[in-house]
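**Student:** Please read through the structure below; I'll follow up with questions.
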Amino acid sequence: EVQLQESGPGLVKPSQSLSLTCSVTGYSITSNYWGWIRKFPGNKMEWMGYISYSGSTSYNPSLKSRISITRDTSKNQFFLQLNSVTTEDTATYYCARYHYSSSLDFDYWGQGVMVTVSS
Amino acid sequence: DIVLTQSPALAVSLGQRATISCKTNQNVDYYGNSYMHWYQQKPGQQPKLLIYLASNLASGIPARFSGRGSGTDFTLTIDPVEADDTATYYCQQSRNLPTFGGGTKLELK
């Protein structure tokens with residue numbers, strides 16, 4: 001069974017970087033596409049970006065140059081780094097697998113990790 | 001960005017039909033497919049894929065759930081509603097940069 005699990009600090013100070021890990025079991029990240037999505041307090045959800053089976057990436061333009069998604073295929077993990085965070089980056093962060101590259105929906109999600117940006 | 005609009009809440013009785021709508025400000029159809037998907041999320045849990053490409057039932061999802069629509073108007077139907085269906089339901093489009101609706105909270109009368 002495909003399983004995803006996010007990990008990382010639950011509290012980050014403003015202006016610092018947020019770094020999260022998504023550990024995948026039951027499926028290789030060298031297949032398919034893998035994304036990060038966040039849910040803000042109040043339920044708004046935002047797609048942040050993805051990394052593909054080949055390592056190529058695509059990001060939400062709203063995050064401009066603050067975001068980076070990388071991977072370690074030997075550990076079957078992929079990572080999110082978001083720089084220069086503010087309180088507006090407080091959210092629950094999810095990693096997810098794309099269902100099909102042709103439909104671009106998400107069929108497997110991690111449990112999510114709540115990240116608070118506060119001094 | 002494509003904006004998806006959902007009603008905030010819906011209350012239905014057990015055993016009745018629930019119809020949740022999602023309207024977009026741009027057409028999400030492309031080459032015969034409607035790039036609209038539906039998720040269920042319960043408190044403290046991750047979203048669960050219910051319907052993809054507007055009307056395709058995801059793996060393991062009971063046939064009580066169905067989706068339809070095209071262009072800019074889409075609906076998710078649950079018939080009959082069971083107690084376990086109380087949750088928030090989100091639509092998501094993937095025609096362009098992926099965006100989500102604000103969610104519809106389904107409650108029982």
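In the structure tokens, chains take letters A, B, ... by order of appearance, with residues numbered from 1 within each chain and ligands from 1 in the order shown.
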Could the residues of chain A within 7 Å of chain B, counting only C-alpha atoms, be given as JSON, numbers by chain, please?

**Tutor:** {"A": [43, 44, 45, 46, 47, 103, 104, 105, 106, 107, 109, 110, 111, 112]}

**Student:** Can you tell me which residues surround Ser52 (chain A) at a distance of at most 8 Å, considering only C-alpha atoms, apart from same-chain residues fewer than 6 positions away, and format the answer as number ranges by chain?

**Tutor:** A: 30-34

**Student:** Restricting the output to C-alpha atoms, write the selected residues as a PDB file, in the first residue's frame.

**Tutor:**
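Result saved to result-v2.pdb:
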ATOM      1  CA  THR A  30      11.072   7.646  -9.424  1.00  0.00           C
ATOM      2  CA  SER A  31       7.628   6.943 -10.832  1.00  0.00           C
ATOM      3  CA  ASN A  32       4.791   9.437 -11.063  1.00  0.00           C
ATOM      4  CA  TYR A  33       4.615  13.003  -9.757  1.00  0.00           C
ATOM      5  CA  TRP A  34       4.737  14.127  -6.131  1.00  0.00           C
TER       6      TRP A  34
END

**Student:** Of the residues A:Tyr59, A:Tyr53, A:Cys22, A:Val115, which is the one nearest to Thr86 (chain A), using only C-alpha atoms?

**Tutor:** A:Val115

**Student:** Calculated over only C-alpha atoms, which of the candidates B:Thr5, B:Thr104, B:Asn56, B:Thr77 has the smallest distance to Asn25 (chain B)?

**Tutor:**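 Closest candidate: B:Thr5.
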
**Student:** For the strand (DSSP E or B) assignment from backbone DSSP, which residues of chain A qualify? Please present them as a PyMOL selection string.

**Tutor:** chain A and resi 3-7+11-12+18-25+33-39+45-52+57-59+67-72+77-82+91-98+106-109+113-117

**Student:** Do you know which residues are at most 6 Å from Ala9 (chain B) counting only C-alpha atoms, after dropping those on the same chain fewer than 2 positions away, and could you put them as a ChimeraX atom specification?

**Tutor:** /B:7,104-106

**Student:** Just checking: using only C-alpha atoms, which residue out of B:Asp73, B:Ala87, B:Pro80, B:Arg68 ends up closest to Leu14 (chain B)?

**Tutor:**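 Among B:Asp73, B:Ala87, B:Pro80, B:Arg68, it is B:Pro80 that comes nearest to Leu14 (chain B).
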
**Student:** Measuring atom to atom with only C-alpha atoms, identify which of B:Gln40, B:Ser13, B:Gln6, B:Thr19 is nearest to Leu76 (chain B).

**Tutor:**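 Of the candidates, the smallest distance to Leu76 (chain B) is held by B:Thr19.
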
**Student:** For a test of reading the model, state the distance in Å between CA of Ala54 (chain B) and CA of Cys22 (chain B), rounded to one decimal.

**Tutor:**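 CA of Ala54 (chain B) sits 10.8 Å away from CA of Cys22 (chain B).
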
**Student:** So how many Å separate CA of Leu11 (chain A) and CA of Lys75 (chain A), to one decimal?

**Tutor:**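 CA of Lys75 (chain A) lies at a distance of 24.9 Å from CA of Leu11 (chain A).
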